[in-house]
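The block underneath contains the structure these notes are about, expressed in structure tokens.
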Amino acid sequence: MTSERVRTAEAGRGGGRPGLRDVAELAGVSHQTVSRVFKDHPRVSAETRAKVLAAAAQLDFRPNAIARALATGSSRTIGVVSFDTTLFGPASMVSAIESSARDADYFVSVMGLASPSRRSVAEAADRLRGQGVDGIILIPGHVPADQVVRHLPGMLPVVALSAAQTVASATVDQYDGPLAAVRHLLDLGHATVHHLTGPADWSEARERERAWRDALTAAGAPVPEPLPGDWSAASGYERGKLLAADPAVTAVFAANDQLALGVLLALHEAGRRVPEDVSVIGYDDIPEAAFFTPPLTTVRQDFAALGRRSMALLLDQIGGGQPATPTAVVIPTELVVRRSTARRT
């Protein structure tokens with residue numbers, strides 16, 4: 001492409017944002033041809049396509065998402081509405097969705113909300129619709145998914161990353177992992193397992209507590225009073241001091257790894273060794289879990305699989321052109337055994 005064409009194209013837009021006609025001028029083709037290239041029209045030669053894309057790159061031209069959606073019926077963009085994105089679980093879900101979307105040649109627009117009010121959800125949905133998104137993935141946090149879904153646009157495909165009755169959902173099994181954790185500790189010879197819970201208004205916390213209780217009951221083991229936490233290491237530390245002061249405590253299942261981290265510090269300060277005196281298990285398998293002192297035994301959630309399955313469910317709906325019959329996909333967990341648990345001697 002000649003420098004003269006570049007100058008002509010730049011002059012034509014007067015220093016503003018480049019458009020289809022600017023790209024056409026630089027590539028030496030019609031603006032209809034440029035439009036066909038960005039619509040992936042099959043009747044464009046490879047040589048012409050290459051010229052148009054090179055001109056677009058030179059001018060830093062990016063097709064407008066709304067215009068592309070109007071022209072093609074698809075923006076190749078999905079929206080994510082999420083609460084509590086500061087927490088490891090929701091943040092990991094967003095990351096998994098973004099990775100899976102890239103593999104499918106989709107963009108992601110994330111709306112992180114501080115509160116699950118009807119107004120905030122409606123405003124987020126309006127902003128996403130304004131961006132021309134093809135569908136929405138919902139990460140409801142502690143709010144029931146079906147309660148949030150009713151504030152989303154009815155015609156848009158929706159997938160919830162939480163159990164839902166009204167839309168398709170993809171979730172991580174919150175029951176089998178705690179069962180495996182408690183059974184692991186009982187198999188190591190511990191008479192019972194104490195539990196540090198997550199917040200009671202989170203369904204994941206309630207399900208993990210239910211599994212812990214069921215595992216102990218099925219084994220005929222005593223069921224101690226659970227200690228409530230709030231997902232934070234600070235909460236784990238404060239509750240951990242109570243556990244550390246009780247010589248009868250030899251095994252602890254914490255509802256997430258941050259809580260477990262706080263428990264480890266409380267036990268260390270009380271002079272109780274892990275795992276020689278007390279075995280500790282967390283939940284999530286955060287990247288730092290393998291580098292705790294000692295490395296933490298924990299329950300791993302496969303967020304990458306969650307991202308793939310949620311995108312697959314959403315793309316099925318987008319391809320069908322209408323909301324699908326609610327389908328529930330459940331991703332299994334895995335117990336990762338490290339050095340924070342040991343046989344009771």
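Following the order of the structure tokens, chains are lettered A, B, ..., residues in each are numbered from 1, and ligands are numbered from 1.
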
Enumerate as a short mmCIF file (atom, residue, chain, number, x, y, z; two decimals) with N, CA, C and O atoms, in the first residue's frame all residues of range 32-278 of chain A assigned to alpha helix (DSSP H) by DSSP on the backbone, naming them with the chain letters and numbers the document uses.
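Contents of part-v5.cif, as written:
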```cif
data_model
loop_
_atom_site.label_atom_id
_atom_site.label_comp_id
_atom_site.auth_asym_id
_atom_site.auth_seq_id
_atom_site.Cartn_x
_atom_site.Cartn_y
_atom_site.Cartn_z
N GLN A 32 -18.14 -1.86 0.20
CA GLN A 32 -18.94 -3.08 0.31
C GLN A 32 -18.05 -4.30 0.49
O GLN A 32 -18.38 -5.24 1.24
N THR A 33 -16.90 -4.29 -0.19
CA THR A 33 -15.95 -5.41 -0.04
C THR A 33 -15.40 -5.45 1.38
O THR A 33 -15.26 -6.53 1.97
N VAL A 34 -15.08 -4.29 1.93
CA VAL A 34 -14.58 -4.24 3.31
C VAL A 34 -15.65 -4.80 4.25
O VAL A 34 -15.36 -5.60 5.16
N SER A 35 -16.89 -4.42 4.02
CA SER A 35 -17.99 -4.92 4.86
C SER A 35 -18.08 -6.43 4.76
O SER A 35 -18.28 -7.11 5.78
N ARG A 36 -17.92 -6.97 3.54
CA ARG A 36 -18.00 -8.43 3.36
C ARG A 36 -16.88 -9.13 4.13
O ARG A 36 -17.08 -10.20 4.71
N VAL A 37 -15.70 -8.54 4.13
CA VAL A 37 -14.57 -9.15 4.86
C VAL A 37 -14.90 -9.27 6.33
O VAL A 37 -14.68 -10.32 6.96
N PHE A 38 -15.45 -8.22 6.92
CA PHE A 38 -15.72 -8.24 8.36
C PHE A 38 -17.00 -8.99 8.72
O PHE A 38 -17.27 -9.24 9.89
N ALA A 46 -8.85 -14.73 -0.94
CA ALA A 46 -7.85 -14.66 0.14
C ALA A 46 -6.96 -13.44 -0.02
O ALA A 46 -6.58 -12.79 0.97
N GLU A 47 -6.63 -13.08 -1.27
CA GLU A 47 -5.76 -11.93 -1.52
C GLU A 47 -6.45 -10.63 -1.10
O GLU A 47 -5.85 -9.77 -0.44
N THR A 48 -7.72 -10.50 -1.48
CA THR A 48 -8.47 -9.29 -1.13
C THR A 48 -8.66 -9.19 0.38
O THR A 48 -8.52 -8.12 0.99
N ARG A 49 -8.99 -10.32 1.00
CA ARG A 49 -9.16 -10.34 2.46
C ARG A 49 -7.89 -9.88 3.15
O ARG A 49 -7.93 -9.08 4.09
N ALA A 50 -6.74 -10.38 2.69
CA ALA A 50 -5.47 -10.01 3.29
C ALA A 50 -5.21 -8.51 3.15
O ALA A 50 -4.72 -7.86 4.09
N LYS A 51 -5.53 -7.93 1.96
CA LYS A 51 -5.33 -6.50 1.75
C LYS A 51 -6.20 -5.67 2.69
O LYS A 51 -5.74 -4.69 3.27
N VAL A 52 -7.44 -6.08 2.83
CA VAL A 52 -8.36 -5.35 3.70
C VAL A 52 -7.91 -5.42 5.15
O VAL A 52 -7.91 -4.41 5.87
N LEU A 53 -7.54 -6.59 5.62
CA LEU A 53 -7.11 -6.74 7.01
C LEU A 53 -5.82 -5.97 7.28
O LEU A 53 -5.64 -5.40 8.36
N ALA A 54 -4.93 -5.94 6.29
CA ALA A 54 -3.70 -5.18 6.45
C ALA A 54 -4.00 -3.69 6.54
O ALA A 54 -3.41 -2.96 7.36
N ALA A 55 -4.93 -3.22 5.71
CA ALA A 55 -5.31 -1.80 5.75
C ALA A 55 -5.97 -1.47 7.08
O ALA A 55 -5.71 -0.41 7.68
N ALA A 56 -6.82 -2.36 7.56
CA ALA A 56 -7.49 -2.14 8.85
C ALA A 56 -6.48 -2.05 9.98
O ALA A 56 -6.58 -1.19 10.87
N ALA A 57 -5.48 -2.94 9.94
CA ALA A 57 -4.45 -2.92 10.97
C ALA A 57 -3.64 -1.63 10.91
O ALA A 57 -3.30 -1.05 11.95
N GLN A 58 -3.33 -1.18 9.69
CA GLN A 58 -2.53 0.03 9.52
C GLN A 58 -3.27 1.27 10.04
O GLN A 58 -2.67 2.18 10.59
N LEU A 59 -4.59 1.28 9.86
CA LEU A 59 -5.39 2.41 10.32
C LEU A 59 -5.91 2.23 11.75
O LEU A 59 -6.59 3.10 12.27
N ALA A 65 -19.05 -2.80 17.50
CA ALA A 65 -19.78 -4.01 17.91
C ALA A 65 -21.26 -3.92 17.58
O ALA A 65 -21.88 -4.89 17.15
N ILE A 66 -21.86 -2.74 17.79
CA ILE A 66 -23.28 -2.59 17.51
C ILE A 66 -23.55 -2.71 16.02
O ILE A 66 -24.47 -3.40 15.59
N ALA A 67 -22.71 -2.02 15.21
CA ALA A 67 -22.89 -2.09 13.76
C ALA A 67 -22.72 -3.52 13.26
O ALA A 67 -23.46 -3.99 12.41
N ARG A 68 -21.72 -4.21 13.81
CA ARG A 68 -21.50 -5.59 13.39
C ARG A 68 -22.68 -6.47 13.79
O ARG A 68 -23.10 -7.36 13.05
N ALA A 69 -23.23 -6.22 14.96
CA ALA A 69 -24.38 -7.02 15.41
C ALA A 69 -25.58 -6.79 14.50
O ALA A 69 -26.31 -7.73 14.16
N LEU A 70 -25.79 -5.52 14.10
CA LEU A 70 -26.91 -5.22 13.20
C LEU A 70 -26.71 -5.85 11.84
O LEU A 70 -27.66 -6.32 11.20
N ALA A 71 -25.45 -5.88 11.38
CA ALA A 71 -25.16 -6.39 10.05
C ALA A 71 -25.18 -7.91 9.98
O ALA A 71 -25.63 -8.49 8.99
N THR A 72 -24.70 -8.54 11.02
CA THR A 72 -24.53 -10.00 10.98
C THR A 72 -25.50 -10.75 11.88
O THR A 72 -25.60 -11.97 11.79
N PHE A 88 -12.03 -15.45 45.40
CA PHE A 88 -11.32 -16.34 44.49
C PHE A 88 -12.27 -17.09 43.56
O PHE A 88 -12.01 -17.18 42.36
N GLY A 89 -13.38 -17.61 44.09
CA GLY A 89 -14.28 -18.41 43.26
C GLY A 89 -14.86 -17.62 42.10
O GLY A 89 -14.66 -17.97 40.93
N PRO A 90 -15.59 -16.50 42.36
CA PRO A 90 -16.13 -15.72 41.25
C PRO A 90 -15.06 -15.19 40.30
O PRO A 90 -15.24 -15.19 39.08
N ALA A 91 -13.92 -14.74 40.85
CA ALA A 91 -12.84 -14.23 39.99
C ALA A 91 -12.31 -15.33 39.08
O ALA A 91 -12.02 -15.10 37.89
N SER A 92 -12.19 -16.54 39.60
CA SER A 92 -11.70 -17.66 38.81
C SER A 92 -12.71 -18.05 37.73
O SER A 92 -12.34 -18.45 36.63
N MET A 93 -14.00 -17.93 38.06
CA MET A 93 -15.04 -18.23 37.07
C MET A 93 -14.96 -17.25 35.90
O MET A 93 -15.03 -17.64 34.73
N VAL A 94 -14.78 -15.95 36.21
CA VAL A 94 -14.66 -14.95 35.15
C VAL A 94 -13.46 -15.26 34.27
O VAL A 94 -13.53 -15.21 33.04
N SER A 95 -12.32 -15.58 34.90
CA SER A 95 -11.11 -15.90 34.14
C SER A 95 -11.32 -17.11 33.24
O SER A 95 -10.89 -17.13 32.08
N ALA A 96 -12.00 -18.13 33.76
CA ALA A 96 -12.26 -19.34 32.97
C ALA A 96 -13.17 -19.05 31.79
O ALA A 96 -12.97 -19.56 30.69
N ILE A 97 -14.17 -18.21 32.02
CA ILE A 97 -15.08 -17.83 30.93
C ILE A 97 -14.33 -17.07 29.85
O ILE A 97 -14.50 -17.32 28.66
N GLU A 98 -13.49 -16.13 30.27
CA GLU A 98 -12.73 -15.33 29.30
C GLU A 98 -11.82 -16.22 28.45
O GLU A 98 -11.72 -16.05 27.23
N SER A 99 -11.17 -17.18 29.08
CA SER A 99 -10.29 -18.09 28.35
C SER A 99 -11.07 -18.93 27.36
O SER A 99 -10.67 -19.09 26.19
N SER A 100 -12.20 -19.47 27.81
CA SER A 100 -13.03 -20.30 26.93
C SER A 100 -13.63 -19.48 25.80
O SER A 100 -13.74 -19.95 24.66
N ALA A 101 -14.00 -18.23 26.08
CA ALA A 101 -14.57 -17.37 25.05
C ALA A 101 -13.53 -17.06 23.98
O ALA A 101 -13.85 -17.04 22.78
N ARG A 102 -12.29 -16.81 24.38
CA ARG A 102 -11.23 -16.56 23.40
C ARG A 102 -11.07 -17.75 22.47
O ARG A 102 -10.89 -17.60 21.26
N ASP A 103 -11.12 -18.95 23.03
CA ASP A 103 -10.99 -20.16 22.21
C ASP A 103 -12.12 -20.25 21.19
O ASP A 103 -11.94 -20.83 20.11
N ARG A 118 -32.43 -5.26 42.39
CA ARG A 118 -33.14 -5.31 41.10
C ARG A 118 -32.62 -4.22 40.17
O ARG A 118 -32.42 -4.43 38.98
N ARG A 119 -32.39 -3.03 40.73
CA ARG A 119 -31.94 -1.90 39.91
C ARG A 119 -30.56 -2.16 39.33
O ARG A 119 -30.34 -1.91 38.14
N SER A 120 -29.62 -2.65 40.15
CA SER A 120 -28.25 -2.86 39.65
C SER A 120 -28.21 -3.93 38.56
O SER A 120 -27.49 -3.80 37.57
N VAL A 121 -29.01 -4.99 38.74
CA VAL A 121 -29.06 -6.05 37.73
C VAL A 121 -29.67 -5.53 36.44
O VAL A 121 -29.17 -5.79 35.34
N ALA A 122 -30.76 -4.78 36.56
CA ALA A 122 -31.43 -4.24 35.38
C ALA A 122 -30.51 -3.28 34.63
O ALA A 122 -30.46 -3.28 33.39
N GLU A 123 -29.77 -2.44 35.37
CA GLU A 123 -28.86 -1.50 34.73
C GLU A 123 -27.73 -2.23 34.02
O GLU A 123 -27.33 -1.85 32.91
N ALA A 124 -27.20 -3.29 34.66
CA ALA A 124 -26.15 -4.08 34.02
C ALA A 124 -26.65 -4.73 32.74
O ALA A 124 -25.97 -4.74 31.71
N ALA A 125 -27.87 -5.26 32.82
CA ALA A 125 -28.46 -5.91 31.64
C ALA A 125 -28.66 -4.90 30.51
O ALA A 125 -28.39 -5.21 29.34
N ASP A 126 -29.11 -3.70 30.85
CA ASP A 126 -29.31 -2.67 29.83
C ASP A 126 -27.99 -2.29 29.17
O ASP A 126 -27.92 -2.09 27.95
N ARG A 127 -26.95 -2.17 29.97
CA ARG A 127 -25.63 -1.82 29.40
C ARG A 127 -25.13 -2.92 28.48
O ARG A 127 -24.57 -2.64 27.41
N LEU A 128 -25.34 -4.17 28.87
CA LEU A 128 -24.90 -5.29 28.03
C LEU A 128 -25.71 -5.36 26.74
O LEU A 128 -25.17 -5.63 25.67
N ARG A 129 -27.01 -5.13 26.85
CA ARG A 129 -27.84 -5.11 25.64
C ARG A 129 -27.40 -3.98 24.72
O ARG A 129 -27.40 -4.12 23.49
N GLY A 130 -27.00 -2.84 25.31
CA GLY A 130 -26.51 -1.73 24.53
C GLY A 130 -25.22 -2.06 23.79
O GLY A 130 -24.91 -1.45 22.77
N ALA A 145 -29.79 -17.89 41.97
CA ALA A 145 -29.70 -17.56 40.54
C ALA A 145 -31.06 -17.18 39.96
O ALA A 145 -31.18 -16.20 39.21
N ASP A 146 -32.10 -17.94 40.30
CA ASP A 146 -33.42 -17.67 39.72
C ASP A 146 -33.96 -16.30 40.14
O ASP A 146 -34.73 -15.68 39.42
N GLN A 147 -33.53 -15.81 41.31
CA GLN A 147 -33.95 -14.50 41.77
C GLN A 147 -33.34 -13.40 40.90
O GLN A 147 -33.97 -12.37 40.65
N VAL A 148 -32.09 -13.62 40.45
CA VAL A 148 -31.42 -12.63 39.60
C VAL A 148 -31.89 -12.73 38.16
O VAL A 148 -32.06 -11.72 37.48
N VAL A 149 -32.12 -13.96 37.69
CA VAL A 149 -32.48 -14.19 36.29
C VAL A 149 -33.71 -13.41 35.89
O VAL A 149 -33.80 -12.89 34.77
N ASP A 176 -19.78 -33.62 47.01
CA ASP A 176 -18.86 -34.76 47.01
C ASP A 176 -17.48 -34.39 47.53
O ASP A 176 -16.81 -35.22 48.17
N GLY A 177 -17.02 -33.17 47.26
CA GLY A 177 -15.69 -32.75 47.72
C GLY A 177 -15.57 -32.77 49.23
O GLY A 177 -14.63 -33.37 49.79
N PRO A 178 -16.49 -32.13 49.96
CA PRO A 178 -16.44 -32.19 51.42
C PRO A 178 -16.58 -33.62 51.96
O PRO A 178 -15.94 -33.97 52.96
N LEU A 179 -17.41 -34.43 51.30
CA LEU A 179 -17.51 -35.84 51.72
C LEU A 179 -16.15 -36.51 51.66
O LEU A 179 -15.73 -37.20 52.61
N ALA A 180 -15.44 -36.31 50.54
CA ALA A 180 -14.12 -36.93 50.38
C ALA A 180 -13.14 -36.39 51.41
O ALA A 180 -12.31 -37.15 51.95
N ALA A 181 -13.23 -35.10 51.72
CA ALA A 181 -12.31 -34.49 52.69
C ALA A 181 -12.52 -35.09 54.08
O ALA A 181 -11.55 -35.46 54.77
N VAL A 182 -13.76 -35.17 54.50
CA VAL A 182 -14.06 -35.70 55.84
C VAL A 182 -13.71 -37.18 55.92
O VAL A 182 -13.11 -37.64 56.91
N ARG A 183 -14.04 -37.94 54.90
CA ARG A 183 -13.69 -39.37 54.89
C ARG A 183 -12.19 -39.58 54.94
O ARG A 183 -11.69 -40.51 55.60
N HIS A 184 -11.45 -38.71 54.25
CA HIS A 184 -9.98 -38.79 54.27
C HIS A 184 -9.47 -38.64 55.71
O HIS A 184 -8.61 -39.41 56.17
N LEU A 185 -10.01 -37.67 56.43
CA LEU A 185 -9.56 -37.44 57.81
C LEU A 185 -9.98 -38.57 58.73
O LEU A 185 -9.21 -39.00 59.60
N LEU A 186 -11.18 -39.07 58.55
CA LEU A 186 -11.62 -40.21 59.38
C LEU A 186 -10.78 -41.45 59.09
O LEU A 186 -10.42 -42.20 60.01
N ASP A 187 -10.44 -41.66 57.82
CA ASP A 187 -9.61 -42.81 57.46
C ASP A 187 -8.21 -42.71 58.06
O ASP A 187 -7.53 -43.73 58.24
N SER A 203 -25.07 -20.49 49.23
CA SER A 203 -25.52 -21.87 49.05
C SER A 203 -24.34 -22.84 49.06
O SER A 203 -24.46 -23.97 49.55
N GLU A 204 -23.19 -22.40 48.53
CA GLU A 204 -22.00 -23.27 48.53
C GLU A 204 -21.58 -23.60 49.96
O GLU A 204 -21.21 -24.75 50.25
N ALA A 205 -21.61 -22.62 50.84
CA ALA A 205 -21.23 -22.86 52.23
C ALA A 205 -22.21 -23.82 52.90
O ALA A 205 -21.80 -24.73 53.64
N ARG A 206 -23.49 -23.62 52.63
CA ARG A 206 -24.49 -24.51 53.24
C ARG A 206 -24.34 -25.94 52.73
O ARG A 206 -24.47 -26.91 53.50
N GLU A 207 -24.02 -26.10 51.45
CA GLU A 207 -23.88 -27.44 50.88
C GLU A 207 -22.63 -28.14 51.43
O GLU A 207 -22.65 -29.34 51.73
N ARG A 208 -21.55 -27.40 51.61
CA ARG A 208 -20.33 -27.98 52.18
C ARG A 208 -20.55 -28.39 53.63
O ARG A 208 -20.07 -29.44 54.07
N GLU A 209 -21.29 -27.56 54.36
CA GLU A 209 -21.59 -27.93 55.74
C GLU A 209 -22.48 -29.17 55.79
O GLU A 209 -22.29 -30.05 56.63
N ARG A 210 -23.44 -29.26 54.89
CA ARG A 210 -24.34 -30.42 54.86
C ARG A 210 -23.55 -31.70 54.57
O ARG A 210 -23.77 -32.74 55.21
N ALA A 211 -22.61 -31.63 53.63
CA ALA A 211 -21.80 -32.81 53.30
C ALA A 211 -20.92 -33.21 54.48
O ALA A 211 -20.78 -34.41 54.78
N TRP A 212 -20.33 -32.22 55.15
CA TRP A 212 -19.51 -32.50 56.34
C TRP A 212 -20.34 -33.23 57.40
O TRP A 212 -19.91 -34.25 57.95
N ARG A 213 -21.52 -32.72 57.65
CA ARG A 213 -22.39 -33.32 58.67
C ARG A 213 -22.81 -34.74 58.26
O ARG A 213 -22.80 -35.66 59.09
N ASP A 214 -23.17 -34.90 56.98
CA ASP A 214 -23.61 -36.22 56.51
C ASP A 214 -22.49 -37.24 56.59
O ASP A 214 -22.72 -38.41 56.93
N ALA A 215 -21.26 -36.83 56.28
CA ALA A 215 -20.12 -37.76 56.32
C ALA A 215 -19.87 -38.24 57.74
O ALA A 215 -19.61 -39.44 57.98
N LEU A 216 -19.92 -37.32 58.70
CA LEU A 216 -19.70 -37.71 60.09
C LEU A 216 -20.84 -38.61 60.58
O LEU A 216 -20.59 -39.63 61.25
N THR A 217 -22.07 -38.26 60.25
CA THR A 217 -23.22 -39.05 60.69
C THR A 217 -23.17 -40.46 60.11
O THR A 217 -23.42 -41.45 60.82
N ALA A 218 -22.83 -40.56 58.82
CA ALA A 218 -22.75 -41.87 58.18
C ALA A 218 -21.68 -42.75 58.81
O ALA A 218 -21.81 -43.98 58.86
N ALA A 219 -20.61 -42.11 59.32
CA ALA A 219 -19.51 -42.87 59.93
C ALA A 219 -19.76 -43.14 61.41
O ALA A 219 -18.95 -43.81 62.06
N ALA A 233 -9.20 -15.03 55.57
CA ALA A 233 -8.16 -15.59 56.42
C ALA A 233 -8.26 -15.02 57.83
O ALA A 233 -7.98 -15.72 58.82
N ALA A 234 -8.66 -13.75 57.96
CA ALA A 234 -8.82 -13.13 59.28
C ALA A 234 -9.87 -13.87 60.10
O ALA A 234 -9.69 -14.12 61.30
N SER A 235 -10.98 -14.23 59.44
CA SER A 235 -12.03 -15.00 60.12
C SER A 235 -11.50 -16.37 60.52
O SER A 235 -11.76 -16.86 61.63
N GLY A 236 -10.74 -17.01 59.63
CA GLY A 236 -10.16 -18.31 59.95
C GLY A 236 -9.21 -18.24 61.13
O GLY A 236 -9.17 -19.15 61.97
N TYR A 237 -8.48 -17.15 61.22
CA TYR A 237 -7.54 -16.97 62.33
C TYR A 237 -8.28 -16.82 63.65
O TYR A 237 -7.93 -17.46 64.65
N GLU A 238 -9.31 -15.98 63.67
CA GLU A 238 -10.06 -15.76 64.91
C GLU A 238 -10.75 -17.03 65.37
O GLU A 238 -10.70 -17.37 66.56
N ARG A 239 -11.41 -17.74 64.45
CA ARG A 239 -12.06 -18.99 64.82
C ARG A 239 -11.02 -20.07 65.11
O ARG A 239 -11.22 -20.95 65.95
N GLY A 240 -9.91 -19.99 64.40
CA GLY A 240 -8.84 -20.96 64.60
C GLY A 240 -8.26 -20.91 66.00
O GLY A 240 -7.82 -21.94 66.54
N LYS A 241 -8.26 -19.74 66.62
CA LYS A 241 -7.76 -19.63 67.99
C LYS A 241 -8.63 -20.43 68.96
O LYS A 241 -8.12 -21.01 69.93
N LEU A 242 -9.94 -20.46 68.68
CA LEU A 242 -10.84 -21.27 69.51
C LEU A 242 -10.55 -22.75 69.33
O LEU A 242 -10.54 -23.53 70.30
N LEU A 243 -10.32 -23.15 68.08
CA LEU A 243 -10.01 -24.56 67.81
C LEU A 243 -8.67 -24.95 68.42
O LEU A 243 -8.51 -26.04 68.98
N ALA A 244 -7.69 -24.04 68.30
CA ALA A 244 -6.35 -24.34 68.82
C ALA A 244 -6.34 -24.50 70.34
O ALA A 244 -5.52 -25.24 70.88
N ASP A 257 -9.86 -22.13 51.30
CA ASP A 257 -8.43 -22.14 51.62
C ASP A 257 -8.00 -20.93 52.44
O ASP A 257 -7.07 -21.01 53.24
N GLN A 258 -8.67 -19.77 52.24
CA GLN A 258 -8.32 -18.60 53.04
C GLN A 258 -8.63 -18.84 54.51
O GLN A 258 -7.85 -18.47 55.39
N LEU A 259 -9.78 -19.46 54.79
CA LEU A 259 -10.10 -19.82 56.17
C LEU A 259 -9.05 -20.77 56.73
O LEU A 259 -8.60 -20.62 57.87
N ALA A 260 -8.66 -21.74 55.92
CA ALA A 260 -7.65 -22.71 56.36
C ALA A 260 -6.33 -22.02 56.66
O ALA A 260 -5.62 -22.39 57.62
N LEU A 261 -5.97 -21.01 55.87
CA LEU A 261 -4.72 -20.28 56.11
C LEU A 261 -4.74 -19.61 57.48
O LEU A 261 -3.75 -19.66 58.23
N GLY A 262 -5.89 -19.00 57.82
CA GLY A 262 -6.01 -18.40 59.15
C GLY A 262 -5.91 -19.43 60.26
O GLY A 262 -5.29 -19.18 61.31
N VAL A 263 -6.50 -20.60 60.05
CA VAL A 263 -6.43 -21.67 61.04
C VAL A 263 -4.98 -22.13 61.24
O VAL A 263 -4.53 -22.35 62.38
N LEU A 264 -4.23 -22.25 60.16
CA LEU A 264 -2.83 -22.67 60.26
C LEU A 264 -2.02 -21.71 61.13
O LEU A 264 -1.21 -22.14 61.96
N LEU A 265 -2.24 -20.41 60.96
CA LEU A 265 -1.51 -19.44 61.78
C LEU A 265 -1.91 -19.54 63.24
O LEU A 265 -1.05 -19.52 64.14
N ALA A 266 -3.21 -19.69 63.51
CA ALA A 266 -3.68 -19.80 64.90
C ALA A 266 -3.09 -21.03 65.58
O ALA A 266 -2.66 -20.97 66.74
N LEU A 267 -3.05 -22.14 64.86
CA LEU A 267 -2.47 -23.36 65.42
C LEU A 267 -0.97 -23.18 65.68
O LEU A 267 -0.45 -23.61 66.72
N HIS A 268 -0.29 -22.54 64.75
CA HIS A 268 1.16 -22.32 64.91
C HIS A 268 1.44 -21.47 66.15
O HIS A 268 2.33 -21.79 66.95
N GLU A 269 0.66 -20.40 66.32
CA GLU A 269 0.88 -19.52 67.46
C GLU A 269 0.57 -20.22 68.79
O GLU A 269 1.16 -19.88 69.83
#
```

At a cut-off of 12 Å, can you tabulate as CSV every residue of range 143-163 of chain A near range 330-340 of chain A together with its closest atom pair and the distance in Å to one decimal, using only C-alpha atoms and ordering rows by chain then number?
```
residue,atom,partner,partner_atom,distance
A:Ala160,CA,A:Val330,CA,11.9
A:Leu161,CA,A:Val330,CA,9.9
A:Ser162,CA,A:Val330,CA,9.6
A:Ala163,CA,A:Val330,CA,9.1
```

May I have the residues from that selection written out with all heavy atoms, as a compact mmCIF listing (two decimals), in the first residue's frame?
```txt
# COMPACT_ATOMS: atom_id res chain seq x y z
N ALA A 160 -26.48 -19.76 34.05
CA ALA A 160 -26.12 -19.41 35.43
C ALA A 160 -25.04 -20.35 35.94
O ALA A 160 -25.10 -21.56 35.71
CB ALA A 160 -27.34 -19.49 36.34
N LEU A 161 -24.03 -19.78 36.62
CA LEU A 161 -23.01 -20.61 37.26
C LEU A 161 -23.41 -20.85 38.71
O LEU A 161 -22.69 -20.54 39.65
CB LEU A 161 -21.63 -19.95 37.16
CG LEU A 161 -21.11 -19.72 35.75
CD1 LEU A 161 -19.61 -19.41 35.76
CD2 LEU A 161 -21.36 -20.93 34.85
N SER A 162 -24.57 -21.42 38.85
CA SER A 162 -25.15 -21.78 40.14
C SER A 162 -26.41 -22.57 39.83
O SER A 162 -26.96 -22.45 38.72
CB SER A 162 -25.49 -20.53 40.95
OG SER A 162 -26.06 -20.87 42.20
N ALA A 163 -26.86 -23.37 40.77
CA ALA A 163 -28.06 -24.16 40.53
C ALA A 163 -29.23 -23.25 40.20
O ALA A 163 -29.46 -22.24 40.86
CB ALA A 163 -28.38 -25.00 41.76
```

- Message: Applying 6 Å and only C-alpha atoms, which residues near range 108-114 of chain A remain after dropping the ones on its own chain fewer than 4 positions away? List them as a list in words.
- Response: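 The residues that qualify are Thr77, Ile78, Gly79, Val80, Val81, Ser82 and Phe83 of chain A.
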
- Pick out each residue of range 36-223 of chain A that DSSP on the backbone tags as strand (DSSP E or B); I need them as an MDAnalysis selection string. chainID A and resid 77:83 107:113 135:139 158:160 168:172 194:197

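Minimum atom-to-atom distance to Leu156 in chain A, evaluated using only C-alpha atoms, belongs to A:Leu314 out of A:Ala24, A:Ala342, A:Val223, A:Leu314.
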
- Task: Figure out the distance between CA of Arg76 in chain A and CA of Pro140 in chain A, please, to one decimal in Å.
- Result: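 Between these atoms lies a distance of 23.0 Å.
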
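Residue nearest Asp277 in chain A within the list A:Met311, A:Val299, A:Val252, A:Val329: A:Val252 [criterion: smallest interatomic distance, only C-alpha atoms].
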
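A straight line drawn from CA of Ile137 in chain A to CA of Ser169 in chain A is 9.2 Å long.
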